[in-house]
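Heads up, target32.csv below (CSV, C-alpha atoms):
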```csv
chain,number,residue,atom,x,y,z
A,1,MET,CA,0.0,0.0,0.0
A,2,SER,CA,1.5,3.3,-1.1
A,3,THR,CA,1.9,6.1,1.5
A,4,PRO,CA,-0.1,9.2,0.6
A,5,PRO,CA,2.0,12.4,-0.1
A,6,THR,CA,2.8,14.4,3.0
A,7,LYS,CA,1.1,17.8,3.3
A,8,ILE,CA,3.4,20.8,3.5
A,9,LEU,CA,3.2,22.9,6.6
A,10,VAL,CA,3.5,26.7,6.1
A,11,PRO,CA,3.3,29.3,8.8
A,12,ALA,CA,0.0,31.2,8.4
A,13,GLU,CA,1.6,34.7,8.1
A,14,ASP,CA,4.0,33.4,5.4
A,15,LEU,CA,1.1,31.8,3.5
A,16,ARG,CA,-0.8,35.1,3.8
A,17,THR,CA,2.1,37.1,2.4
A,18,PHE,CA,2.7,34.6,-0.4
A,19,SER,CA,-1.0,34.4,-1.4
A,20,ALA,CA,-1.2,38.2,-1.4
A,21,ALA,CA,1.9,38.5,-3.6
A,22,LEU,CA,0.4,36.1,-6.1
A,23,LEU,CA,-2.9,37.9,-6.2
A,24,GLU,CA,-1.2,41.3,-6.6
A,25,LYS,CA,0.7,39.9,-9.5
A,26,GLY,CA,-2.6,38.7,-10.8
A,27,GLY,CA,-3.8,42.3,-11.0
A,28,LEU,CA,-5.3,43.2,-7.6
A,29,SER,CA,-4.1,46.3,-5.7
A,30,ALA,CA,-1.9,45.6,-2.7
A,31,GLU,CA,-4.7,46.3,-0.3
A,32,HIS,CA,-7.3,44.2,-2.1
A,33,ALA,CA,-4.8,41.3,-2.5
A,34,ARG,CA,-4.1,41.4,1.2
A,35,THR,CA,-7.8,41.4,2.0
A,36,THR,CA,-8.5,38.5,-0.3
A,37,ALA,CA,-5.5,36.5,1.1
A,38,ASP,CA,-6.8,37.1,4.6
A,39,VAL,CA,-10.1,35.4,3.8
A,40,PHE,CA,-8.3,32.4,2.2
A,41,VAL,CA,-5.9,32.0,5.2
A,42,TRP,CA,-8.8,32.4,7.7
A,43,ALA,CA,-10.6,29.5,6.0
A,44,ALA,CA,-7.4,27.4,5.8
A,45,LEU,CA,-6.6,28.0,9.5
A,46,ARG,CA,-10.1,26.7,10.4
A,47,GLY,CA,-9.8,23.6,8.3
A,48,VAL,CA,-12.1,24.8,5.6
A,49,ASP,CA,-9.5,23.8,2.9
A,50,SER,CA,-12.1,23.9,0.1
A,51,HIS,CA,-12.2,27.7,0.6
A,52,GLY,CA,-8.6,28.2,1.7
A,53,ILE,CA,-5.4,28.5,-0.2
A,54,ALA,CA,-6.6,26.2,-3.0
A,55,ARG,CA,-8.8,29.1,-4.1
A,56,VAL,CA,-5.7,31.3,-5.1
A,57,PRO,CA,-5.2,29.7,-8.5
A,58,ALA,CA,-8.9,29.8,-9.2
A,59,TYR,CA,-9.0,33.5,-8.4
A,60,LEU,CA,-6.0,34.2,-10.6
A,61,ASP,CA,-7.9,32.5,-13.4
A,62,LEU,CA,-11.0,34.6,-12.7
A,63,LEU,CA,-8.8,37.8,-12.9
A,64,GLU,CA,-7.0,36.7,-16.0
A,65,LYS,CA,-10.3,35.9,-17.8
A,66,GLY,CA,-11.9,39.2,-16.7
A,67,VAL,CA,-14.6,37.4,-14.8
A,68,ALA,CA,-13.4,39.2,-11.7
A,69,ASN,CA,-12.6,42.9,-12.1
A,70,ALA,CA,-9.2,43.7,-10.7
A,71,ASP,CA,-9.9,47.5,-11.0
A,72,ALA,CA,-13.4,47.5,-9.7
A,73,ARG,CA,-15.1,50.8,-8.7
A,74,ILE,CA,-17.1,49.9,-5.6
A,75,THR,CA,-19.9,52.3,-4.8
A,76,VAL,CA,-22.4,52.5,-2.0
A,77,GLU,CA,-26.0,53.5,-2.5
A,78,SER,CA,-28.3,54.4,0.4
A,79,THR,CA,-31.6,56.1,1.0
A,80,THR,CA,-31.8,55.4,4.8
A,81,VAL,CA,-29.2,55.2,7.5
A,82,ALA,CA,-29.9,51.6,8.5
A,83,ALA,CA,-29.5,50.1,5.0
A,84,ALA,CA,-27.3,50.3,1.9
A,85,VAL,CA,-26.5,48.5,-1.3
A,86,LEU,CA,-22.9,48.1,-2.3
A,87,ASP,CA,-22.3,47.7,-6.0
A,88,ALA,CA,-19.2,45.6,-6.3
A,89,ASP,CA,-18.6,46.2,-10.1
A,90,ARG,CA,-17.5,42.5,-10.3
A,91,ALA,CA,-14.9,42.9,-7.5
A,92,PRO,CA,-13.7,39.6,-5.9
A,93,GLY,CA,-16.1,38.6,-3.1
A,94,PRO,CA,-13.5,39.0,-0.3
A,95,VAL,CA,-13.0,42.6,-1.3
A,96,ALA,CA,-16.7,43.5,-1.7
A,97,LEU,CA,-18.0,41.6,1.4
A,98,SER,CA,-15.2,42.9,3.7
A,99,ALA,CA,-16.2,46.4,2.7
A,100,ALA,CA,-19.9,45.5,3.3
A,101,ALA,CA,-19.1,44.1,6.7
A,102,ASP,CA,-17.4,47.3,7.7
A,103,GLU,CA,-20.3,49.4,6.4
A,104,ALA,CA,-22.8,47.3,8.3
A,105,VAL,CA,-20.9,47.7,11.6
A,106,THR,CA,-20.6,51.5,11.2
A,107,ARG,CA,-24.3,51.9,10.5
A,108,ALA,CA,-25.4,49.5,13.2
A,109,ARG,CA,-23.5,51.6,15.8
A,110,THR,CA,-26.0,54.3,15.1
A,111,THR,CA,-29.1,52.5,14.3
A,112,GLY,CA,-28.9,49.2,16.3
A,113,ILE,CA,-29.4,47.1,13.3
A,114,ALA,CA,-28.0,47.7,9.8
A,115,ALA,CA,-28.2,45.7,6.5
A,116,VAL,CA,-25.9,46.0,3.5
A,117,GLY,CA,-26.7,44.2,0.3
A,118,VAL,CA,-23.9,43.4,-2.1
A,119,ARG,CA,-24.7,43.4,-5.9
A,120,ARG,CA,-22.5,42.0,-8.7
A,121,THR,CA,-19.6,40.4,-6.9
A,122,VAL,CA,-17.6,37.3,-8.0
A,123,HIS,CA,-17.3,34.3,-5.6
A,124,THR,CA,-17.7,35.4,-2.0
A,125,GLY,CA,-15.4,32.8,-0.4
A,126,ALA,CA,-16.1,31.6,3.1
A,127,ILE,CA,-18.9,33.9,4.4
A,128,GLY,CA,-18.1,32.9,7.9
A,129,TYR,CA,-15.2,35.3,7.7
A,130,TYR,CA,-17.4,38.3,7.1
A,131,VAL,CA,-19.8,37.6,10.0
A,132,SER,CA,-16.9,36.8,12.2
A,133,LYS,CA,-15.4,40.2,11.3
A,134,ILE,CA,-18.7,41.7,12.5
A,135,ALA,CA,-18.6,39.7,15.7
A,136,GLU,CA,-15.0,40.8,16.4
A,137,GLN,CA,-16.5,44.3,16.9
A,138,GLY,CA,-19.0,43.0,19.5
A,139,LEU,CA,-22.0,42.8,17.2
A,140,VAL,CA,-23.9,39.8,15.9
A,141,GLY,CA,-23.2,39.1,12.2
A,142,ILE,CA,-25.7,37.4,9.9
A,143,GLY,CA,-25.0,36.7,6.2
A,144,PHE,CA,-26.7,35.2,3.2
A,145,VAL,CA,-25.3,34.6,-0.3
A,146,ALA,CA,-27.0,33.7,-3.6
A,147,GLY,CA,-25.1,32.4,-6.6
A,148,MET,CA,-25.4,30.5,-9.9
A,149,PRO,CA,-27.8,27.5,-9.9
A,150,ASN,CA,-25.8,24.4,-9.3
A,151,MET,CA,-28.0,22.3,-7.0
A,152,GLY,CA,-31.3,20.4,-7.3
A,153,TYR,CA,-34.6,21.7,-6.2
A,154,THR,CA,-37.3,19.3,-4.8
A,155,GLY,CA,-39.6,18.3,-7.7
A,156,VAL,CA,-37.4,19.8,-10.4
A,157,ARG,CA,-35.4,17.9,-13.0
A,158,GLY,CA,-31.8,19.1,-13.2
A,159,ALA,CA,-30.0,22.0,-11.5
A,160,ALA,CA,-32.4,24.7,-10.3
A,161,VAL,CA,-31.0,26.7,-7.4
A,162,ALA,CA,-27.7,27.5,-5.8
A,163,THR,CA,-25.9,26.0,-2.8
A,164,SER,CA,-26.5,29.3,-1.1
A,165,PRO,CA,-24.9,29.6,2.3
A,166,LEU,CA,-26.0,31.1,5.6
A,167,ALA,CA,-23.6,32.3,8.3
A,168,ILE,CA,-24.3,33.6,11.8
A,169,ALA,CA,-21.6,34.8,14.3
A,170,VAL,CA,-22.4,35.7,17.9
A,171,PRO,CA,-19.7,37.3,20.1
A,172,THR,CA,-18.8,36.1,23.5
A,173,ASP,CA,-17.4,37.9,26.5
A,174,SER,CA,-13.9,39.2,25.7
A,175,SER,CA,-12.6,37.6,28.9
A,176,SER,CA,-14.3,34.3,28.2
A,177,ALA,CA,-12.5,31.1,27.2
A,178,HIS,CA,-15.3,30.5,24.6
A,179,ALA,CA,-14.7,31.3,21.0
A,180,PRO,CA,-17.5,33.2,19.3
A,181,LEU,CA,-20.4,31.0,18.1
A,182,LEU,CA,-20.1,30.6,14.3
A,183,LEU,CA,-22.7,28.8,12.3
A,184,ASP,CA,-21.6,28.6,8.7
A,185,MET,CA,-23.6,26.2,6.4
A,186,ALA,CA,-24.7,25.7,2.9
A,187,THR,CA,-28.1,24.7,1.8
A,188,ALA,CA,-26.7,21.6,0.1
A,189,THR,CA,-26.2,18.2,1.7
A,190,VAL,CA,-22.6,18.1,0.5
A,191,ALA,CA,-20.3,20.6,-1.2
A,192,LEU,CA,-19.3,20.4,-4.8
A,193,GLY,CA,-15.8,19.9,-3.6
A,194,ARG,CA,-16.9,16.8,-1.7
A,195,ILE,CA,-18.2,15.3,-4.9
A,196,ARG,CA,-14.9,16.0,-6.7
A,197,GLN,CA,-13.0,14.4,-3.8
A,198,ALA,CA,-15.2,11.3,-3.9
A,199,LYS,CA,-14.6,11.1,-7.7
A,200,ALA,CA,-10.9,11.3,-7.3
A,201,SER,CA,-10.8,8.6,-4.6
A,202,GLY,CA,-13.6,6.4,-5.9
A,203,THR,CA,-15.4,6.7,-2.6
A,204,PRO,CA,-19.2,6.3,-2.8
A,205,LEU,CA,-21.3,9.3,-1.8
A,206,PRO,CA,-23.8,9.2,1.0
A,207,GLU,CA,-27.4,8.4,0.1
A,208,GLY,CA,-29.4,11.5,-0.8
A,209,ALA,CA,-26.3,13.7,-1.1
A,210,ALA,CA,-25.8,14.1,-4.9
A,211,ALA,CA,-27.5,13.6,-8.2
A,212,THR,CA,-26.9,13.0,-11.9
A,213,GLU,CA,-27.3,15.8,-14.5
A,214,ASP,CA,-31.0,15.1,-14.7
A,215,GLY,CA,-31.5,15.2,-11.0
A,216,THR,CA,-31.6,11.4,-10.3
A,217,PRO,CA,-30.1,10.7,-6.9
A,218,THR,CA,-26.9,8.6,-7.0
A,219,THR,CA,-24.1,7.5,-4.7
A,220,ASP,CA,-21.8,6.9,-7.7
A,221,PRO,CA,-19.2,9.7,-7.7
A,222,GLU,CA,-18.6,9.1,-11.4
A,223,LYS,CA,-22.2,9.9,-12.2
A,224,ALA,CA,-22.8,12.7,-9.7
A,225,VAL,CA,-22.6,16.2,-11.0
A,226,MET,CA,-24.5,18.3,-8.4
A,227,PRO,CA,-25.4,18.2,-4.8
A,228,LEU,CA,-28.9,17.8,-3.5
A,229,PRO,CA,-30.5,20.2,-1.0
A,230,LEU,CA,-30.1,19.7,2.7
A,231,GLY,CA,-33.2,18.3,4.2
A,232,GLY,CA,-34.9,18.1,0.8
A,233,ALA,CA,-37.6,20.8,0.4
A,234,LYS,CA,-36.1,22.6,3.5
A,235,GLY,CA,-32.8,23.2,1.8
A,236,SER,CA,-34.1,24.1,-1.6
A,237,GLY,CA,-36.7,26.4,0.0
A,238,MET,CA,-33.9,28.2,2.0
A,239,SER,CA,-31.9,28.6,-1.2
A,240,LEU,CA,-34.8,30.2,-3.0
A,241,ALA,CA,-35.5,32.5,0.0
A,242,PHE,CA,-31.9,33.6,0.0
A,243,GLU,CA,-32.1,34.5,-3.7
A,244,LEU,CA,-35.0,36.8,-2.8
A,245,LEU,CA,-33.2,38.2,0.2
A,246,THR,CA,-30.1,39.0,-1.8
A,247,SER,CA,-30.3,39.1,-5.6
A,248,VAL,CA,-33.9,40.2,-5.9
A,249,LEU,CA,-33.6,42.6,-3.0
A,250,VAL,CA,-30.6,44.5,-4.5
A,251,GLY,CA,-32.1,44.5,-8.0
A,252,ALA,CA,-29.8,41.9,-9.6
A,253,PRO,CA,-31.8,38.7,-10.0
A,254,ILE,CA,-29.8,35.5,-10.8
A,255,PHE,CA,-32.4,32.7,-10.6
A,256,ALA,CA,-34.9,34.1,-13.1
A,257,SER,CA,-32.3,35.3,-15.6
A,258,PHE,CA,-30.3,32.0,-15.4
A,259,HIS,CA,-33.4,30.1,-16.4
A,260,SER,CA,-34.4,32.5,-19.1
A,261,ASP,CA,-33.5,32.4,-22.8
A,262,ASP,CA,-31.0,35.2,-22.3
A,263,ALA,CA,-27.4,33.8,-22.6
A,264,ALA,CA,-26.2,36.7,-20.4
A,265,GLY,CA,-28.2,35.2,-17.5
A,266,ARG,CA,-25.6,32.5,-17.2
A,267,LYS,CA,-22.7,34.8,-16.7
A,268,HIS,CA,-21.0,34.1,-13.3
A,269,ARG,CA,-22.0,36.4,-10.5
A,270,GLN,CA,-23.0,36.4,-6.8
A,271,ASN,CA,-25.0,38.7,-4.5
A,272,ALA,CA,-25.1,38.9,-0.7
A,273,LEU,CA,-26.7,40.5,2.3
A,274,LEU,CA,-24.8,41.2,5.5
A,275,ILE,CA,-26.7,42.2,8.7
A,276,ALA,CA,-25.1,43.6,11.8
A,277,VAL,CA,-27.0,43.7,15.1
A,278,ASP,CA,-25.7,45.7,18.1
A,279,PRO,CA,-26.6,44.1,21.4
A,280,ALA,CA,-26.3,47.5,23.0
A,281,ALA,CA,-29.6,48.5,21.3
A,282,PHE,CA,-31.4,45.6,23.0
A,283,GLY,CA,-30.5,46.2,26.7
A,284,GLY,CA,-26.7,46.1,26.9
A,285,ALA,CA,-23.7,44.5,25.3
A,286,ASP,CA,-22.1,43.3,28.5
A,287,VAL,CA,-25.3,41.6,29.7
A,288,PHE,CA,-25.7,39.9,26.3
A,289,ALA,CA,-22.2,38.6,26.2
A,290,GLU,CA,-22.4,37.2,29.7
A,291,SER,CA,-25.7,35.5,28.8
A,292,VAL,CA,-24.1,34.1,25.7
A,293,ASP,CA,-21.3,32.6,27.7
A,294,ALA,CA,-23.8,31.2,30.3
A,295,THR,CA,-25.8,29.6,27.4
A,296,LEU,CA,-22.6,28.0,26.0
A,297,ASP,CA,-21.6,26.8,29.5
A,298,THR,CA,-25.0,25.2,30.0
A,299,LEU,CA,-24.7,23.4,26.6
A,300,LYS,CA,-21.2,22.2,27.4
A,301,GLY,CA,-22.4,20.9,30.8
A,302,LEU,CA,-25.1,18.7,29.3
A,303,PRO,CA,-24.4,14.9,29.5
A,304,ALA,CA,-22.8,13.7,26.3
A,305,ALA,CA,-24.5,10.9,24.4
A,306,ASP,CA,-23.0,7.4,24.3
A,307,GLY,CA,-20.2,7.4,21.7
A,308,ALA,CA,-20.1,11.2,21.4
A,309,GLN,CA,-16.6,12.8,21.5
A,310,GLY,CA,-18.1,15.7,23.5
A,311,VAL,CA,-20.7,18.4,23.3
A,312,PHE,CA,-19.8,21.2,20.9
A,313,TYR,CA,-21.4,24.5,19.7
A,314,PRO,CA,-21.0,25.8,16.2
A,315,GLY,CA,-17.6,27.1,15.5
A,316,GLU,CA,-16.0,25.7,18.6
A,317,ARG,CA,-14.0,22.9,16.9
A,318,SER,CA,-12.9,25.0,13.9
A,319,ALA,CA,-11.6,27.6,16.3
A,320,ALA,CA,-9.5,24.9,18.0
A,321,VAL,CA,-8.2,23.8,14.6
A,322,ALA,CA,-7.3,27.5,13.9
A,323,ALA,CA,-5.4,27.7,17.2
A,324,ASP,CA,-3.5,24.5,16.4
A,325,ARG,CA,-2.7,25.4,12.8
A,326,GLY,CA,-1.7,28.9,13.9
A,327,GLU,CA,0.9,27.3,16.1
A,328,LYS,CA,2.1,24.5,14.0
A,329,GLY,CA,1.5,25.8,10.5
A,330,VAL,CA,-1.2,25.4,7.8
A,331,PRO,CA,-1.1,22.1,5.9
A,332,VAL,CA,-1.2,22.5,2.1
A,333,ALA,CA,-2.1,19.5,0.0
A,334,PRO,CA,0.7,18.4,-2.5
A,335,LYS,CA,-1.5,19.0,-5.5
A,336,VAL,CA,-2.4,22.5,-4.3
A,337,TRP,CA,1.2,23.3,-3.5
A,338,ARG,CA,2.3,22.1,-7.0
A,339,ASP,CA,-0.3,24.4,-8.6
A,340,LEU,CA,0.8,27.3,-6.4
A,341,THR,CA,4.5,26.7,-7.2
A,342,GLU,CA,3.8,26.7,-10.9
A,343,ARG,CA,1.9,30.0,-10.5
A,344,ALA,CA,4.7,31.5,-8.4
A,345,GLU,CA,7.3,30.6,-11.0
A,346,LYS,CA,5.2,32.1,-13.8
A,347,LEU,CA,4.5,35.3,-11.9
A,348,GLY,CA,8.0,35.7,-10.3
A,349,VAL,CA,6.9,35.3,-6.7
A,350,ALA,CA,9.2,33.7,-4.2
A,351,LEU,CA,8.0,30.6,-2.3
A,352,PRO,CA,7.7,30.8,1.5
A,353,GLU,CA,11.0,29.7,3.0
A,354,ALA,CA,9.4,27.3,5.5
A,355,ALA,CA,7.9,25.3,2.6
A,356,GLY,CA,10.8,25.7,0.2
```

What does the file become when written as structure tokens?
Amino acid sequence: MSTPPTKILVPAEDLRTFSAALLEKGGLSAEHARTTADVFVWAALRGVDSHGIARVPAYLDLLEKGVANADARITVESTTVAAAVLDADRAPGPVALSAAADEAVTRARTTGIAAVGVRRTVHTGAIGYYVSKIAEQGLVGIGFVAGMPNMGYTGVRGAAVATSPLAIAVPTDSSSAHAPLLLDMATATVALGRIRQAKASGTPLPEGAAATEDGTPTTDPEKAVMPLPLGGAKGSGMSLAFELLTSVLVGAPIFASFHSDDAAGRKHRQNALLIAVDPAAFGGADVFAESVDATLDTLKGLPAADGAQGVFYPGERSAAVAADRGEKGVPVAPKVWRDLTERAEKLGVALPEAAG
């Protein structure tokens, strides 16, 4: 039996600098390259490798093909202090949504709750990053994203809706040992990346997780082309609702145009909505944070079920992974590293010394 290739460990800061350098060579400004790299390294630290450093080559391709606009002119439109729409002008998602998160926090400080819609961005990345960015400021962050249809819908033949994600981050007391609660989930049973991994390894997919091109459920990774919605009608209904709460709300529908006869409707794009909620507007931030910690303590104190490794709240284990990887280094898969190395040689960017 052959030994699988060893992953390469790279210090997080070195990986961030390296990724930013590649993205800057790809056309982004130094500031936007750093912002985008931050999102990728955040995901990689937390073990979400599908949205981590492996995304750098894909973003370089998006920039080279003009799908993502390296010189985007982001504008903010608003008719009321508690809400705004950020037109991304096809800027990469990390750039647009980071700006939207900052805008939502600034407005929520005044209004208690603020919502910022994002129109015409390109691949948002891990949306848990943006709501966590809001939670770092002591506010609750809520985010929705809608994208191109790539998932089944209950009762429909073929791809109908997107694997649109939802993320919620709730801050804890700054002196607490608890990491913020972070719920970050897609409306699909499995990610597209999981289907690709199963195909590469020849591993059967779980029942009800994926389907063929015509929507027939299958466990055969060679036949599977799209994920099925989480919980059947529940997941597909959530995805449709997120399309209304993002794309339709900001005047940039995706679903209807994708399924129309207009070829332009299939041009890649994504929309989002970020909401910031200031606990101070509901009776006090300190009291809220203390109660959040008490709630998590109560959960952690409940008896664990037989065979369970413990009782965990959303985001707890990924925060522990981030702490461990922050200390030991971020593992990069050999295939991803080869791709990054080739890009680095092509663009004249030095590899991190620790991985060299």

Legend entry - Close residues, A:Val321 itself excluded, 7 Å, only C-alpha atoms, min 6 positions apart in chain, as number ranges by chain: A: 45-47

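Taking all atoms listed in the file into account, A:Leu166 lies nearest to A:Gly128 out of the set A:Pro206, A:Gly232, A:Gly128, A:Gly251.
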
Legend entry - Selected residue, from A:Ile53, A:Gly138, A:Asn69, A:Glu24, that lies nearest to A:Ala280 when counting all atoms listed in the file: A:Gly138

Inset, instruction - Point out the residue among A:Pro314, A:Gly265, A:Pro94, A:Pro331 with the least atom-to-atom distance to A:Gly147, counting all atoms listed in the file. - result: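 Going through A:Pro314, A:Gly265, A:Pro94, A:Pro331 one by one, the smallest distance to A:Gly147 is for A:Gly265.
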
Inset, instruction - Would you list the contacts of A:Lys7 as an NGL selection string, taking every protein, DNA or RNA residue within 7 Å and counting all atoms listed in the file, but skipping same-chain residues closer than 5 positions in sequence? - result: :A and (331-334)

Legend entry - Point-to-point distance from atom CA of A:Ala224 to atom CA of A:Ser257, Å rounded to tenths: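 Here the two named atoms are 25.2 Å from each other.
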
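Here atom CA of A:Thr121 and atom CA of A:Met148 stand 11.9 Å from one another.
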
Legend entry - atom CA of A:Ser29 to atom CA of A:Thr75, distance in Å rounded to a single decimal: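 Going from atom CA of A:Ser29 over to atom CA of A:Thr75 covers 16.9 Å.
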
Inset, instruction - Could you give me, as a list in words, the residues within 8 Å of stretch 291-306 of chain A, counting all atoms listed in the file and dropping anything in the same chain fewer than 6 positions from it? - result: Pro171, Thr172, Asp173, Ser176, His178, Phe312 and Tyr313 of chain A

Legend entry - From A:Gly93, A:Pro149, A:Pro204, A:Gly143, residue lying nearest A:His123 [all atoms listed in the file]: A:Gly93

Inset, instruction - Give the answer as one residue: which of A:Glu353, A:Glu31, A:Glu316, A:Asp339 has the shortest atom-to-atom distance to A:Pro57, using only C-alpha atoms? - result: A:Asp339

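With all atoms listed in the file as the atoms that count, the minimum distance from A:Gly315 to the choices A:Thr36, A:Ser19, A:Ser247, A:Ser132 is reached by A:Ser132.
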
Legend entry - Exercise: A:Pro279 partners within 9 Å, only C-alpha atoms, chain neighbours under 3 positions left out, as a list in words: Gly112, Gly138, Leu139, Val140, Phe282, Gly283, Gly284, Ala285, Asp286, Val287, Phe288 and Ala289 of chain A

Legend entry - Spatial neighbours of A:Glu207, 7 Å, only C-alpha atoms, chain gap at least 2 places, as an MDAnalysis selection string: chainID A and resid 205 209 219

Could you rebuild stretch 191-205 of chain A with N, CA, C and O atoms and give it back as a PDB file, keeping the file's coordinate frame?
```pdb
ATOM      1  N   ALA A 191     -20.866  19.621  -0.268  1.00  0.00           N
ATOM      2  CA  ALA A 191     -20.300  20.600  -1.200  1.00  0.00           C
ATOM      3  C   ALA A 191     -19.902  20.002  -2.488  1.00  0.00           C
ATOM      4  O   ALA A 191     -19.655  18.797  -2.577  1.00  0.00           O
ATOM      5  N   LEU A 192     -19.813  20.838  -3.512  1.00  0.00           N
ATOM      6  CA  LEU A 192     -19.300  20.400  -4.800  1.00  0.00           C
ATOM      7  C   LEU A 192     -17.932  19.776  -4.696  1.00  0.00           C
ATOM      8  O   LEU A 192     -17.591  18.795  -5.363  1.00  0.00           O
ATOM      9  N   GLY A 193     -17.130  20.395  -3.820  1.00  0.00           N
ATOM     10  CA  GLY A 193     -15.800  19.900  -3.600  1.00  0.00           C
ATOM     11  C   GLY A 193     -15.757  18.484  -3.077  1.00  0.00           C
ATOM     12  O   GLY A 193     -14.864  17.686  -3.390  1.00  0.00           O
ATOM     13  N   ARG A 194     -16.754  18.160  -2.247  1.00  0.00           N
ATOM     14  CA  ARG A 194     -16.900  16.800  -1.700  1.00  0.00           C
ATOM     15  C   ARG A 194     -17.135  15.796  -2.817  1.00  0.00           C
ATOM     16  O   ARG A 194     -16.617  14.671  -2.807  1.00  0.00           O
ATOM     17  N   ILE A 195     -17.937  16.177  -3.789  1.00  0.00           N
ATOM     18  CA  ILE A 195     -18.200  15.300  -4.900  1.00  0.00           C
ATOM     19  C   ILE A 195     -16.957  15.076  -5.749  1.00  0.00           C
ATOM     20  O   ILE A 195     -16.659  13.949  -6.172  1.00  0.00           O
ATOM     21  N   ARG A 196     -16.191  16.144  -5.952  1.00  0.00           N
ATOM     22  CA  ARG A 196     -14.900  16.000  -6.700  1.00  0.00           C
ATOM     23  C   ARG A 196     -13.945  15.108  -5.968  1.00  0.00           C
ATOM     24  O   ARG A 196     -13.249  14.299  -6.574  1.00  0.00           O
ATOM     25  N   GLN A 197     -13.884  15.264  -4.629  1.00  0.00           N
ATOM     26  CA  GLN A 197     -13.000  14.400  -3.800  1.00  0.00           C
ATOM     27  C   GLN A 197     -13.387  12.962  -3.920  1.00  0.00           C
ATOM     28  O   GLN A 197     -12.536  12.074  -4.031  1.00  0.00           O
ATOM     29  N   ALA A 198     -14.700  12.700  -3.859  1.00  0.00           N
ATOM     30  CA  ALA A 198     -15.200  11.300  -3.900  1.00  0.00           C
ATOM     31  C   ALA A 198     -14.871  10.717  -5.305  1.00  0.00           C
ATOM     32  O   ALA A 198     -14.525   9.532  -5.412  1.00  0.00           O
ATOM     33  N   LYS A 199     -14.952  11.545  -6.338  1.00  0.00           N
ATOM     34  CA  LYS A 199     -14.600  11.100  -7.700  1.00  0.00           C
ATOM     35  C   LYS A 199     -13.164  10.721  -7.804  1.00  0.00           C
ATOM     36  O   LYS A 199     -12.795   9.702  -8.405  1.00  0.00           O
ATOM     37  N   ALA A 200     -12.325  11.552  -7.210  1.00  0.00           N
ATOM     38  CA  ALA A 200     -10.900  11.300  -7.300  1.00  0.00           C
ATOM     39  C   ALA A 200     -10.479  10.060  -6.512  1.00  0.00           C
ATOM     40  O   ALA A 200      -9.565   9.336  -6.916  1.00  0.00           O
ATOM     41  N   SER A 201     -11.156   9.796  -5.394  1.00  0.00           N
ATOM     42  CA  SER A 201     -10.800   8.600  -4.600  1.00  0.00           C
ATOM     43  C   SER A 201     -11.620   7.410  -4.846  1.00  0.00           C
ATOM     44  O   SER A 201     -11.305   6.316  -4.362  1.00  0.00           O
ATOM     45  N   GLY A 202     -12.697   7.575  -5.640  1.00  0.00           N
ATOM     46  CA  GLY A 202     -13.600   6.400  -5.900  1.00  0.00           C
ATOM     47  C   GLY A 202     -14.441   6.034  -4.782  1.00  0.00           C
ATOM     48  O   GLY A 202     -14.942   4.909  -4.731  1.00  0.00           O
ATOM     49  N   THR A 203     -14.642   6.938  -3.840  1.00  0.00           N
ATOM     50  CA  THR A 203     -15.400   6.700  -2.600  1.00  0.00           C
ATOM     51  C   THR A 203     -16.917   6.939  -2.902  1.00  0.00           C
ATOM     52  O   THR A 203     -17.261   8.024  -3.396  1.00  0.00           O
ATOM     53  N   PRO A 204     -17.803   6.011  -2.580  1.00  0.00           N
ATOM     54  CA  PRO A 204     -19.200   6.300  -2.800  1.00  0.00           C
ATOM     55  C   PRO A 204     -19.718   7.451  -1.953  1.00  0.00           C
ATOM     56  O   PRO A 204     -19.217   7.705  -0.853  1.00  0.00           O
ATOM     57  N   LEU A 205     -20.673   8.171  -2.483  1.00  0.00           N
ATOM     58  CA  LEU A 205     -21.300   9.300  -1.800  1.00  0.00           C
ATOM     59  C   LEU A 205     -22.404   8.829  -0.889  1.00  0.00           C
ATOM     60  O   LEU A 205     -23.006   7.785  -1.137  1.00  0.00           O
TER      61      LEU A 205
END
```
